[in-house]
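K.L.:
Quick one: structure below, then a few questions.
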Amino acid sequence: MRVFDGLTDLVDSAGEDLGASDWILVDQQRIDGFADVTGDHQWIHVDPVRAASSPFGRTIAHGYLTLSLLAELTTRLYRVENVSFAVNYGLDRVRFISPVLEGSRIRATARLAEARRVESAVQLRLESTIEIDGSDRPAAVVTSLARYFA
């Protein structure tokens, strides 16, 4: 895990590769929980019997579930100390490349593409790839923004 020591360290580290997170399991319980929270109960996500006859052979994670797991995955990649707080500032780009099949493991790799001072904060642009264990194609590629405040 990369630990940044405050805003200046972030700015000085722009362009740095942050490596890969640990793998996490995307099981049916996680998929069902996401469906319950979002109200998206489409059968391809929550009906294992029906999904068995789909082209995927089983249920798949919601794309937005995959995207939401990026928060957990990136907390395993880096931490910023000596700041008061951080906020999610949004997404510049998201592409869902491959479905995440139930029972798959995913992880994130990331690069600190940019870190620049904006008002009283430092804004990060993080370029991440969510990988699927055993697959040559990623689940998603994401460019996200966060702001860290002193």
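Ordering of the structure tokens sets the chain letters (A, B, ...), residue numbers begin anew at 1 in every chain, and ligands are numbered from 1 in the order given.
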Let's see if you can do this: from backbone DSSP, list all strand (DSSP E or B) residues in chain A, as JSON, numbers by chain.

P.N.:
{"A": [2, 3, 4, 5, 17, 18, 19, 20, 24, 25, 26, 60, 78, 79, 80, 81, 85, 86, 87, 88, 89, 90, 91, 92, 93, 94, 95, 96, 101, 104, 105, 106, 107, 108, 109, 110, 111, 112, 113, 114, 115, 116, 117, 118, 121, 122, 123, 124, 125, 126, 127, 128, 129, 130, 131, 132, 140, 141, 142, 143, 144, 145, 146, 147, 148, 149]}

K.L.:
When DSSP is applied to the backbone of this structure, which of stretch 26-81 of chain A are assigned helix (DSSP H, G or I)? Write them out as an MDAnalysis selection string.

P.N.:
chainID A and resid 28:38 43:46 48:51 63:75

K.L.:
Determine, counting only C-alpha atoms, which protein, DNA and RNA residues have an atom within 12 Å of an atom of A:Gly63; residues of the same chain fewer than 6 positions away are not included. Present the result as a count of residues only.

P.N.:
22

K.L.:
Using only C-alpha atoms, determine which residues lie at most 6 Å from A:Thr109, disregarding the query and same-chain residues fewer than 3 positions distant; provide the list as number ranges by chain.

P.N.:
A: 19-20, 128-129

K.L.:
Which residues, written as an mmCIF file with C-alpha atoms, in the first residue's frame, have at least one atom at most 6 Å from stretch 106-108 of chain A, with only C-alpha atoms counted and residues fewer than 2 positions away on the same chain left out?

P.N.:
data_model
loop_
_atom_site.group_PDB
_atom_site.id
_atom_site.type_symbol
_atom_site.label_atom_id
_atom_site.label_comp_id
_atom_site.auth_asym_id
_atom_site.auth_seq_id
_atom_site.Cartn_x
_atom_site.Cartn_y
_atom_site.Cartn_z
ATOM 1 C CA ALA A 20 -2.592 -3.963 -7.679
ATOM 2 C CA SER A 21 -5.039 -4.523 -4.830
ATOM 3 C CA ASP A 22 -5.895 -7.835 -3.230
ATOM 4 C CA TRP A 23 -8.580 -9.911 -4.910
ATOM 5 C CA ILE A 24 -12.174 -9.754 -3.641
ATOM 6 C CA LEU A 73 -10.360 -1.818 -3.990
ATOM 7 C CA THR A 129 -8.542 -1.077 -14.321
ATOM 8 C CA ILE A 130 -10.768 -3.628 -12.623
ATOM 9 C CA GLU A 131 -9.367 -7.030 -13.521
ATOM 10 C CA ILE A 132 -11.116 -10.408 -13.410
ATOM 11 C CA ASP A 133 -9.042 -13.297 -12.091
#

K.L.:
Looking at A:Ala61, A:Ala146, A:Leu77, A:Val11, which one is nearest to A:Leu25, with distances taken over only C-alpha atoms?

P.N.:
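Comparing A:Ala61, A:Ala146, A:Leu77, A:Val11 against A:Leu25, the winner is A:Ala61.
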
K.L.:
Hey, which of A:Ser84, A:His62, A:Leu126, A:Arg105 ends up closest to A:Gly39? Count only C-alpha atoms.

P.N.:
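Checking each candidate against A:Gly39, we get A:His62 as the closest.
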
K.L.:
Please measure the separation of atom CA of A:Val49 and atom CA of A:Arg30, giving the value in Å to one decimal.

P.N.:
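For atom CA of A:Val49 relative to atom CA of A:Arg30, the distance reads 17.3 Å.
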
K.L.:
Do you have the atom CA of A:Val3-atom CA of A:Arg79 distance handy?

P.N.:
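We find that atom CA of A:Val3 and atom CA of A:Arg79 lie 4.9 Å from each other.
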
K.L.:
Kindly give the distance, in Å, that separates atom CA of A:Tyr89 and atom CA of A:Val37, rounded to a single decimal.

P.N.:
22.4 Å

K.L.:
When you look at A:Phe4 with a cut-off of 9 Å (counting only C-alpha atoms), what residues show up, excluding the ones that are within fewer than 6 positions of it in the same chain? I need them as a PyMOL selection string.

P.N.:
chain A and resi 10+13+78-82

K.L.:
Write out as number ranges by chain each polymer residue whose atoms come within 8 Å of A:Ser144, counting only C-alpha atoms; drop sequence neighbours fewer than 4 positions from it.

P.N.:
A: 89-93, 124-128
